[in-house]
Amino acid sequence: MAASELVLIVTFLFVIGALVFVRRQLGGDNQPFVLRTITAYQALRQQAGMAVESGRRPLLTLGRGPLHTPAGPASVAGMHILQDLAQASGSGRLGPYVTVGSATLLPIAQDGLRTAADRRGQPLAFHPDDVHFIADESFPFVYAAGTAETIGRNESGNTIAVGRFGTELAIIGEAAIRNEHQPILGSDDSSAIAIAFAYTQDSLWGEEIFAASAYLRHSASQLASVRVQDVLRWLVAAILILTALLQLLGVF
Amino acid sequence: MLILKRGIPVTVAVVVGLAALAGLIFVPALSDLILDWAGFLAATALIMGIVNLLSIHLKRSLAGNIYSAILVLSLLAVFALAATDEIGLTQDGVDSVFNMIQVPLEAALASLLAFFLLFAGVRMMQGRRDLATILFLISTLFFLLTRAPMPETLSSVILPVRDLIQSIVVVSGMRGLMLGIALGVITLSVRLLIGMERPYSS
């Protein structure tokens, strides 16, 4: 067995063990837990309420990360936001209007909206056309232009873009600003993170997008995940410092 | 019934996920097979996507949206061209359309980015005056100016400083960001693999 495979197995087992342990430590689903403030999640919390008040639905765009590729986790993080916005929306079709830049996200986003409508006891509020496939992931600028056009149709109350984006996020951000939105932009790509910072104060940087479910739902399993992420971060930092010190001392 | 409805998707997702992971380490052929299936499902999803695109834009066309009408007509024209390419009536029709229309349009959109970012920077300075914004602006101006041609005497002083900032501050910041993302991906993936996270309905 190669060293990389061994590291994979050890990491996998460690994360499972840590998740189960921390989940038990936290106890019930309503256990209080202090998370640092992320303004983008606070702004997101207000979106559903604003949609109900103004009667204008938020536009959520999930990026162009196919589910079966390494970009999949970023898209799953965007799905958490979709589920939260859809469940928190009031009566009628005030849930988010969704655009996707990968066909694999289309059925899962439609499923998320359908489930939320069922849970609210309003199955007729779901409409398949509430999710709009814009372009395949191979054409990022076409996807961004299509999403910008949707924003420009002036149907949406605000723009939320969370998932896998690259530099094309600038086109979406620009369209949102021109329509007087206060966009919430988040990505796991470094070039998109810099662009998101330029466009809005409510940006989600890298790992912050993966904490969406913990911030929005506060359930013990999701909070446990954030704790485990913190433990892993300290562990990696310790390994880096130790390795640097050992190299300085000439051990290897 | 509810248990079946909830249990089946979770069981399928967990079993397939763990099999793909185990296959990656012990039986690569199994992992490849599962990825092939995923690729096939993604292709099926693309067909669904095209139907969704056509359905939405057909409705908009009927409501009088000229751009949607152009999109529908273009989509049908490219389909027709693909068919005539296939039966030999035309040659490389789809490739020609792609190279003559799609590629220049994408390039034009990409070239707009510089202007969008310039406007975003100006707006940011007007609206936000915190430490992060000032640092962002100083670093942007510094890196832009140091990439411009300059006299030898000036470049011999400034370029080593720029390289030092780039190799220490920028690289360490980027690596920190990448490590955070990797840890987020690992924990989310493990949660998906053990069924703790379910982006699908259950």
# chains A, B, ... in the order shown; residues from 1 in each chain; ligands from 1
>>> interface_residues(of="chain A", to="chain B", cutoff="8 Å", atoms="only C-alpha atoms", output="number ranges by chain")
A: 5, 12, 15-16, 68, 73-74, 76, 79-80, 102-104, 106-108, 111-112, 115, 129, 132-134, 136, 139, 141-142, 167-168, 170-171, 174, 188, 190, 195, 198-199, 206-207, 210-211, 221, 225, 228-229, 232-233
>>> residues_around(residues="Met50 (chain A)", least_positions_apart="5", cutoff="10 Å", atoms="only C-alpha atoms", output="list of chain:residue names")
A:Leu44, A:Arg45, A:Gly55, A:Arg56, A:Arg57, A:Pro58, A:Ser89, A:Gly157, A:Asn158
>>> write_last_selection(atoms="C-alpha atoms", output="PDB file, in the first residue's frame")
ATOM      1  CA  LEU A  44     -28.490  35.356   4.337  1.00  0.00           C
ATOM      2  CA  ARG A  45     -30.749  34.883   7.352  1.00  0.00           C
ATOM      3  CA  GLY A  55     -42.659  39.858  -2.595  1.00  0.00           C
ATOM      4  CA  ARG A  56     -39.466  39.477  -4.663  1.00  0.00           C
ATOM      5  CA  ARG A  57     -37.615  36.194  -4.596  1.00  0.00           C
ATOM      6  CA  PRO A  58     -33.853  35.932  -4.096  1.00  0.00           C
ATOM      7  CA  SER A  89     -39.618  31.282   2.606  1.00  0.00           C
ATOM      8  CA  GLY A 157     -34.844  40.703  -4.664  1.00  0.00           C
ATOM      9  CA  ASN A 158     -31.174  39.862  -4.181  1.00  0.00           C
TER      10      ASN A 158
END
>>> atom_distance(atom1="CA of Ala40 (chain A)", atom2="CA of Leu169 (chain A)")
16.5 Å
>>> atom_distance(atom1="CA of Phe79 (chain B)", atom2="CA of Gly152 (chain A)")
28.5 Å
